[in-house]
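Shown next: input_2.cif, given as mmCIF, C-alpha atoms and all ligand atoms.
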```cif
data_target
#
loop_
_atom_site.label_atom_id
_atom_site.label_comp_id
_atom_site.auth_asym_id
_atom_site.auth_seq_id
_atom_site.Cartn_x
_atom_site.Cartn_y
_atom_site.Cartn_z
CA MET G 1 126.59 63.67 113.69
CA ILE G 2 129.31 64.19 116.27
CA PRO G 3 132.45 62.06 115.88
CA ALA G 4 133.35 59.46 118.50
CA GLN G 5 135.93 60.69 121.02
CA PHE G 6 139.61 60.58 120.06
CA ASP G 7 142.93 62.00 121.21
CA TYR G 8 144.48 64.71 119.06
CA VAL G 9 148.24 65.02 118.45
CA ARG G 10 150.20 67.60 116.45
CA PRO G 11 153.65 66.06 115.88
CA GLY G 12 156.71 68.32 115.46
CA ASP G 13 158.24 66.22 112.69
CA VAL G 14 157.68 63.11 110.58
CA SER G 15 159.59 60.81 112.95
CA GLU G 16 157.31 61.87 115.82
CA ALA G 17 154.27 61.15 113.61
CA VAL G 18 155.66 57.68 112.85
CA ARG G 19 156.32 57.08 116.57
CA VAL G 20 152.77 58.07 117.58
CA LEU G 21 151.37 55.87 114.79
CA SER G 22 153.37 52.88 116.06
CA GLU G 23 152.24 53.43 119.67
CA SER G 24 148.50 53.67 118.87
CA GLU G 25 145.85 50.99 118.39
CA GLU G 26 143.73 52.66 115.72
CA PRO G 27 145.47 55.89 114.59
CA LYS G 28 144.45 58.15 111.70
CA LEU G 29 146.54 60.80 110.00
CA LEU G 30 144.77 64.08 109.27
CA ALA G 31 145.83 66.10 106.20
CA GLY G 32 143.24 68.53 104.75
CA GLY G 33 140.37 66.66 106.42
CA GLN G 34 138.17 66.85 103.31
CA SER G 35 137.63 63.08 103.23
CA LEU G 36 138.50 62.12 106.80
CA THR G 37 136.22 64.61 108.57
CA PRO G 38 133.02 63.27 106.91
CA LEU G 39 134.14 59.73 107.77
CA LEU G 40 134.57 60.75 111.42
CA ARG G 41 131.25 62.58 111.53
CA PHE G 42 129.36 59.61 110.03
CA ARG G 43 131.26 57.34 112.45
CA LEU G 44 132.59 55.31 109.54
CA ALA G 45 136.03 55.82 111.11
CA TYR G 46 136.58 55.87 114.87
CA PRO G 47 140.31 56.26 115.56
CA ASP G 48 141.70 56.38 119.11
CA VAL G 49 144.09 59.14 118.01
CA VAL G 50 144.07 61.67 115.16
CA ILE G 51 147.57 62.83 114.16
CA ASP G 52 147.37 66.23 112.49
CA LEU G 53 150.10 66.77 109.87
CA ALA G 54 149.22 70.47 109.40
CA GLY G 55 152.30 71.74 111.29
CA LEU G 56 154.82 69.74 109.26
CA THR G 57 156.12 72.36 106.83
CA GLU G 58 158.69 69.80 105.59
CA LEU G 59 155.78 68.02 103.88
CA ARG G 60 154.76 71.09 101.85
CA GLY G 61 156.02 72.48 98.58
CA VAL G 62 157.53 71.43 95.27
CA GLN G 63 161.22 70.75 94.62
CA ASP G 64 163.19 70.16 91.42
CA ASP G 65 164.67 66.69 91.89
CA GLY G 66 166.58 66.17 88.61
CA ASP G 67 164.39 64.30 86.15
CA ARG G 68 161.45 64.41 88.62
CA LEU G 69 159.51 66.89 90.70
CA ARG G 70 159.20 66.04 94.38
CA ILE G 71 155.84 67.30 95.67
CA GLY G 72 155.32 67.26 99.44
CA ALA G 73 152.30 65.24 100.54
CA MET G 74 150.77 68.22 102.41
CA THR G 75 150.89 70.48 99.35
CA THR G 76 147.31 71.63 98.84
CA HIS G 77 145.43 71.29 95.56
CA ASP G 78 145.44 75.09 95.30
CA GLU G 79 149.23 75.21 95.72
CA VAL G 80 149.59 72.55 92.99
CA LEU G 81 147.48 74.74 90.71
CA HIS G 82 149.70 77.78 91.17
CA ASP G 83 153.14 76.17 91.25
CA PRO G 84 155.44 77.23 88.36
CA LEU G 85 157.50 73.99 88.40
CA ILE G 86 154.34 71.89 88.07
CA ALA G 87 153.05 74.16 85.31
CA ALA G 88 156.35 73.80 83.44
CA HIS G 89 156.97 70.06 83.88
CA CYS G 90 153.78 68.28 84.93
CA GLY G 91 150.84 70.17 83.46
CA LEU G 92 148.58 67.09 83.46
CA LEU G 93 148.61 67.07 87.27
CA ALA G 94 147.63 70.75 87.39
CA GLN G 95 144.91 70.27 84.78
CA ALA G 96 143.33 67.34 86.65
CA THR G 97 143.65 69.16 89.98
CA ARG G 98 141.68 72.08 88.52
CA THR G 99 138.68 69.71 88.16
CA VAL G 100 138.78 68.62 91.85
CA ALA G 101 135.73 69.94 93.72
CA ASP G 102 135.55 73.70 94.34
CA PRO G 103 137.98 76.38 95.56
CA ALA G 104 137.11 75.82 99.24
CA VAL G 105 137.95 72.10 99.05
CA ARG G 106 141.04 72.81 96.96
CA HIS G 107 142.38 75.21 99.59
CA ARG G 108 142.20 72.54 102.34
CA GLY G 109 142.59 69.23 100.47
CA THR G 110 146.09 67.94 99.78
CA LEU G 111 147.77 65.93 97.04
CA GLY G 112 148.99 63.36 99.57
CA GLY G 113 145.58 63.07 101.23
CA SER G 114 143.87 62.46 97.88
CA LEU G 115 146.36 59.76 96.87
CA ALA G 116 146.50 58.10 100.32
CA HIS G 117 142.68 58.04 100.45
CA ALA G 118 142.73 56.28 97.05
CA ASP G 119 139.10 56.85 96.14
CA PRO G 120 138.77 55.34 92.63
CA ALA G 121 136.48 58.28 91.76
CA GLY G 122 139.24 60.74 92.73
CA ASP G 123 140.91 62.48 89.80
CA LEU G 124 144.53 62.39 90.92
CA PRO G 125 145.21 58.64 91.34
CA ALA G 126 144.71 58.06 87.58
CA VAL G 127 147.20 60.85 86.83
CA ALA G 128 149.78 59.39 89.23
CA LEU G 129 149.32 55.94 87.65
CA ALA G 130 149.49 57.18 84.04
CA LEU G 131 152.66 59.19 84.72
CA ASP G 132 154.46 56.46 86.73
CA ALA G 133 154.70 58.62 89.85
CA GLU G 134 156.72 57.34 92.82
CA PHE G 135 155.45 57.44 96.39
CA VAL G 136 157.93 58.30 99.17
CA ILE G 137 156.85 56.70 102.43
CA SER G 138 158.29 56.99 105.96
CA GLY G 139 157.62 54.16 108.40
CA GLU G 140 159.13 52.40 111.40
CA ASP G 141 161.82 50.83 109.19
CA GLY G 142 162.83 54.13 107.55
CA GLU G 143 162.03 55.51 104.11
CA ARG G 144 161.01 53.53 101.02
CA THR G 145 159.76 54.39 97.54
CA VAL G 146 156.81 52.59 95.94
CA PRO G 147 155.87 52.92 92.24
CA ALA G 148 152.30 53.97 91.42
CA SER G 149 151.70 50.57 89.79
CA GLU G 150 152.08 48.99 93.27
CA PHE G 151 150.67 51.79 95.41
CA PHE G 152 146.95 51.50 94.57
CA GLN G 153 145.86 48.05 95.72
CA ASP G 154 142.07 48.07 96.14
CA TYR G 155 139.11 50.31 96.99
CA LEU G 156 140.47 52.93 99.47
CA THR G 157 143.47 50.63 99.99
CA THR G 158 147.11 51.40 99.23
CA ALA G 159 150.60 50.13 99.97
CA LEU G 160 150.62 52.37 103.07
CA ASP G 161 150.79 50.32 106.29
CA ILE G 162 149.20 51.54 109.50
CA GLY G 163 152.53 52.97 110.74
CA ASP G 164 153.36 54.82 107.51
CA VAL G 165 153.30 58.49 106.51
CA LEU G 166 153.25 59.39 102.82
CA THR G 167 155.80 62.22 102.75
CA ALA G 168 156.08 63.09 99.05
CA VAL G 169 155.16 62.04 95.53
CA ARG G 170 157.76 62.19 92.75
CA PHE G 171 156.37 62.91 89.29
CA PRO G 172 158.56 62.62 86.16
CA LYS G 173 159.19 65.79 84.21
CA MET G 174 157.22 65.35 81.00
CA SER G 175 159.27 67.37 78.53
CA GLY G 176 158.23 66.66 74.93
CA TRP G 177 154.80 65.38 76.04
CA SER G 178 151.42 67.02 75.70
CA PHE G 179 148.43 66.04 77.80
CA HIS G 180 144.73 66.32 78.58
CA TYR G 181 142.47 65.31 81.49
CA GLU G 182 138.93 64.60 80.30
CA LYS G 183 136.33 64.36 83.07
CA PHE G 184 132.67 63.46 82.70
CA SER G 185 130.56 64.43 85.71
CA GLN G 186 126.87 65.07 86.23
CA ALA G 187 127.30 68.61 87.52
CA ALA G 188 129.99 71.27 87.58
CA GLN G 189 132.55 70.71 90.36
CA ALA G 190 131.40 67.12 91.00
CA TRP G 191 133.12 63.74 91.25
CA ALA G 192 133.94 61.99 87.97
CA VAL G 193 131.48 59.44 86.58
CA VAL G 194 134.51 58.52 84.47
CA GLY G 195 137.76 60.43 83.91
CA VAL G 196 140.69 59.91 81.54
CA ALA G 197 144.24 61.17 82.09
CA ALA G 198 146.08 61.09 78.76
CA ALA G 199 149.58 62.13 77.70
CA VAL G 200 151.12 61.72 74.26
CA ARG G 201 154.62 62.20 72.90
CA PRO G 202 154.26 63.38 69.32
CA ASP G 203 156.95 62.62 66.76
CA GLY G 204 156.68 64.21 63.33
CA GLY G 205 153.06 63.69 62.26
CA GLY G 206 152.58 60.64 64.49
CA ILE G 207 152.35 59.46 68.09
CA ALA G 208 155.59 57.99 69.44
CA GLU G 209 154.19 57.05 72.87
CA ALA G 210 151.03 57.48 74.93
CA ARG G 211 150.04 57.11 78.59
CA VAL G 212 146.44 56.61 79.69
CA GLY G 213 144.99 56.32 83.22
CA LEU G 214 141.27 55.85 83.94
CA THR G 215 139.27 57.25 86.85
CA ASN G 216 136.30 55.35 88.35
CA MET G 217 136.59 52.28 86.12
CA GLY G 218 137.30 49.79 88.94
CA SER G 219 138.26 49.56 92.60
CA THR G 220 141.57 51.28 91.78
CA PRO G 221 142.68 53.64 89.01
CA VAL G 222 143.33 51.62 85.84
CA ARG G 223 146.17 51.94 83.33
CA ALA G 224 144.88 51.38 79.77
CA HIS G 225 147.92 49.43 78.53
CA GLY G 226 146.11 48.17 75.40
CA VAL G 227 145.33 51.70 74.27
CA GLU G 228 148.90 52.79 74.93
CA ALA G 229 150.20 49.93 72.74
CA ALA G 230 147.66 50.72 70.01
CA CYS G 231 148.77 54.37 69.91
CA ARG G 232 152.44 53.60 69.28
CA GLY G 233 153.44 54.80 65.82
CA ILE G 234 149.97 55.79 64.58
CA PRO G 235 149.28 59.08 62.78
CA ALA G 236 148.23 61.98 65.01
CA ARG G 237 144.70 62.04 63.58
CA ALA G 238 141.43 62.04 65.52
CA ASP G 239 140.07 58.94 63.71
CA ALA G 240 143.26 56.94 64.38
CA LEU G 241 143.24 57.92 68.07
CA ARG G 242 139.51 57.05 68.35
CA ASP G 243 140.29 53.60 66.90
CA ALA G 244 143.13 53.13 69.38
CA ALA G 245 140.74 54.03 72.22
CA ARG G 246 138.31 51.21 71.37
CA THR G 247 139.86 48.88 73.94
CA ALA G 248 139.92 51.47 76.74
CA ASP G 249 137.48 49.45 78.87
CA ALA G 250 139.46 46.18 78.60
CA ASP G 251 140.82 45.15 82.02
CA THR G 252 138.31 47.39 83.83
CA ASP G 253 135.57 46.48 86.29
CA PRO G 254 133.48 49.64 86.54
CA PRO G 255 130.94 50.06 89.35
CA ASN G 256 127.15 50.15 89.03
CA ASP G 257 125.94 53.00 91.20
CA LEU G 258 123.46 55.87 91.32
CA SER G 259 125.59 57.92 88.89
CA ALA G 260 125.87 55.32 86.12
CA GLN G 261 125.59 51.65 85.18
CA ALA G 262 128.78 49.73 84.42
CA ASP G 263 128.03 49.36 80.67
CA TYR G 264 127.49 53.11 80.35
CA ARG G 265 130.85 53.70 82.09
CA ARG G 266 132.49 51.31 79.59
CA HIS G 267 131.02 53.35 76.74
CA LEU G 268 132.20 56.58 78.37
CA ALA G 269 135.71 55.19 78.86
CA ARG G 270 136.04 54.47 75.13
CA VAL G 271 134.60 57.81 74.01
CA LEU G 272 136.43 59.93 76.58
CA THR G 273 139.75 58.19 75.93
CA GLY G 274 139.52 58.97 72.21
CA ARG G 275 138.64 62.56 73.08
CA ALA G 276 141.42 62.91 75.68
CA LEU G 277 144.05 61.52 73.30
CA ALA G 278 142.91 63.83 70.49
CA ARG G 279 142.98 66.88 72.76
CA ALA G 280 146.38 65.84 74.14
CA ALA G 281 147.63 65.66 70.55
CA GLY G 282 146.31 69.18 69.94
CA LEU G 283 143.51 68.08 67.59
C1 LIG X 301 132.58 68.41 98.54
C2 LIG X 301 133.81 67.63 98.09
C3 LIG X 301 133.98 67.38 96.74
C4 LIG X 301 135.10 66.67 96.31
N1 LIG X 301 135.26 66.46 94.96
C5 LIG X 301 136.36 65.82 94.52
C6 LIG X 301 136.58 65.63 93.12
O1 LIG X 301 135.80 66.05 92.26
N2 LIG X 301 137.71 64.96 92.74
C7 LIG X 301 138.62 64.49 93.65
O2 LIG X 301 139.62 63.91 93.25
N3 LIG X 301 138.45 64.68 94.97
C8 LIG X 301 137.35 65.33 95.43
N4 LIG X 301 137.19 65.53 96.79
C9 LIG X 301 138.20 65.00 97.73
C10 LIG X 301 139.34 65.99 97.92
O3 LIG X 301 140.21 65.85 96.81
C11 LIG X 301 140.16 65.69 99.18
O4 LIG X 301 141.12 66.67 99.25
C12 LIG X 301 140.89 64.37 99.27
O5 LIG X 301 140.07 63.26 99.06
C13 LIG X 301 141.49 64.11 100.64
O6 LIG X 301 142.53 64.98 100.86
P1 LIG X 301 142.75 65.59 102.30
O7 LIG X 301 144.04 66.28 102.27
O8 LIG X 301 141.57 66.37 102.71
O9 LIG X 301 142.92 64.25 103.21
P2 LIG X 301 142.21 63.82 104.57
O10 LIG X 301 140.74 63.86 104.43
O11 LIG X 301 142.80 64.55 105.71
O12 LIG X 301 142.72 62.30 104.63
C14 LIG X 301 142.19 61.33 103.75
C15 LIG X 301 142.79 59.97 104.10
O13 LIG X 301 144.17 59.92 103.74
C16 LIG X 301 144.99 59.66 104.89
N5 LIG X 301 146.17 60.50 104.75
C17 LIG X 301 146.15 61.83 104.51
N6 LIG X 301 147.42 62.29 104.38
C18 LIG X 301 148.23 61.22 104.54
C19 LIG X 301 149.65 61.06 104.50
N7 LIG X 301 150.48 62.10 104.26
N8 LIG X 301 150.16 59.81 104.69
C20 LIG X 301 149.34 58.77 104.91
N9 LIG X 301 147.99 58.86 104.96
C21 LIG X 301 147.45 60.08 104.78
C22 LIG X 301 144.12 60.01 106.09
O14 LIG X 301 144.50 59.29 107.25
C23 LIG X 301 142.74 59.63 105.60
O15 LIG X 301 142.55 58.24 105.75
C24 LIG X 301 136.07 66.22 97.25
C25 LIG X 301 135.89 66.48 98.62
C26 LIG X 301 134.77 67.18 99.03
C27 LIG X 301 134.62 67.47 100.51
#
```

Once more with this new file: its structure as C-alpha cells, please.
Ligand SMILES: Cc1cc2nc3c(=O)[nH]c(=O)nc-3n(C[C@H](O)[C@H](O)[C@H](O)COP(=O)(O)OP(=O)(O)OC[C@H]3O[C@@H](n4cnc5c(N)ncnc54)[C@H](O)[C@@H]3O)c2cc1C
Amino acid sequence: MIPAQFDYVRPGDVSEAVRVLSESEEPKLLAGGQSLTPLLRFRLAYPDVVIDLAGLTELRGVQDDGDRLRIGAMTTHDEVLHDPLIAAHCGLLAQATRTVADPAVRHRGTLGGSLAHADPAGDLPAVALALDAEFVISGEDGERTVPASEFFQDYLTTALDIGDVLTAVRFPKMSGWSFHYEKFSQAAQAWAVVGVAAAVRPDGGGIAEARVGLTNMGSTPVRAHGVEAACRGIPARADALRDAARTADADTDPPNDLSAQADYRRHLARVLTGRALARAAGL
C-alpha cells in the first residue's frame, strides 16, 4: 500500500527537530524506518509530518561517559555490533543486538528507534531494563534523563511525549559481570517468542548478584526481580540457577498469539531463564 500524504523535514539539529515536533499536529520521527515504514505503508500511522533524524550526526556513536557508555540514539544495530567500547563494557547489548533480524535490517535499524518503538517482542528493551539503562530525552523544556524502569510504560508506549526526541541511552559499564542473551524464536533471524537477558556477578564459587530482563512476557519488557533475589549468594551451579529461575514468570502477563499460547511462554520463561543464567555464569 502507498502511505497517506505527509510533509517531510530533515532538521539540522536536535533543537530544530524539537521545534518542528512542537509546531505539528501529528508528527512522527523517522530513524532507521524499519518499524515506521511498514506502519506508514499499512496506514496504521498517518502523520502530517515525518521528521527524518538521519542527518543528525550528533545522535550517532558511542562515548565513554565515566561509569557509563553514552550511545547515540541513531547508532545503528550494526554499529553497536562493531563498537569496541560496547564490546569491552556492555557485551550483553552487543550479544542481544546480534539476534535482531538480519544484516539488512541491522544496517538501517537504530538502537534509539528500537527502544522508542518499545515493541515487547523486541530484544533490546529487556536488555536496557535488566542493565538499568538511562534514557536521555530532549523536549520543549530542555533535557531530562529517565531510568529504564520508568521508560517502558505499555505496549508501544514509553515516557516519550509527542514533542520529545530520544537523543542517547546511557548503559552502565558492567565490569566484573558476565552475561548471556537467550532467545527462542521459530525461525532463524525472527522475532523472539520469548527472550531472556541475564547478567551475573560471580564471587568465588557463587553468584553475588544477578540481573534478568524478559522479552515478550507482557505489554512491556519485564524485570524478573524474584529470580534476581533468589540468585543472591547461591552456588554457581546449573541446578541452583535452574531452581532460582522457577519464578521467572511471576509478575508477567504473556500474550496469546499465533506464535505461542501464554502458558507455553510461561514455561519457556522459566526454562530459558535457567539456561541464560547458567550460560552467563560460564556453565
Ligand atoms: C524484517 C524485520 C525483522 C525484525 N526483527 C527484529 C528482531 O528480531 N528483534 C528486534 O528487536 N527487532 C526486530 N526488528 C525491528 C528493528 O529492530 C528496528 O530497527 C526497530 O524496531 C526500529 O528501529 P528504527 O531505527 O528502524 O526506527 P523507526 O522505524 O524509524 O522508528 C520506530 C519508532 O520509534 C520512533 N523513534 C525513532 N527514533 C526516535 C528517537 N530518536 N526519539 C523518539 N522517537 C523515535 C519513531 O517515531 C517510530 O515511532 C525487525 C524489523 C524488521 C523490518

Next item on the list: Rank G:Ala236, G:Ala104, G:Leu59, G:Leu166 by their smallest atom-to-atom distance to ligand LIG 301 (chain X), using all atoms listed in the file, and report the top residue only.
Entry: G:Leu166

Next item on the list: Pick out the residues sitting within 8 Å of Pro221 in chain G, and hand them over as a PyMOL selection string; count all atoms listed in the file, and ignore anything fewer than 4 positions along from it in its own chain.
Entry: chain G and resi 120+125-126+129+152+213-217

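Taking only C-alpha atoms and all ligand atoms into account, ligand LIG 301 (chain X) lies nearest to G:Arg60 out of the set G:Arg60, G:Arg170, G:Arg246, G:Arg265.
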
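Distances here use all atoms listed in the file; by that measure, the residue among G:Pro47, G:Gly122, G:Pro27, G:Pro172 closest to ligand LIG 301 (chain X) is G:Gly122.
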
Enclose the full set of atoms of ligand LIG 301 (chain X) listed in the file within a box whose edges lie along x, y and z, apply 6 Å of padding to each of the six sides, and report centre and edge lengths in Å to one decimal as lines of an AutoDock Vina configuration file.
```
center_x = 141.5
center_y = 63.3
center_z = 99.8
size_x = 29.9
size_y = 22.2
size_z = 27.0
```

Notebook entry, point to check: Given a cut-off of 7 Å, what residues near ligand LIG 301 (chain X) show up using all atoms listed in the file, put as a PyMOL selection string?
Noted result: chain G and resi 28-37+73-74+99-102+105-106+108-114+116-117+121-124+160+164-167+189-192

Notebook entry, point to check: Which residue out of G:Ile51, G:Ser15, G:Asp65, G:Ser175 has the minimum interatomic distance to Asp141 in chain G when all atoms listed in the file are used?
Noted result: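 Nearest candidate to Asp141 in chain G out of G:Ile51, G:Ser15, G:Asp65, G:Ser175: G:Ser15.
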
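Coordinates place CA of Ala224 in chain G at a distance of 21.6 Å from CA of Val169 in chain G.
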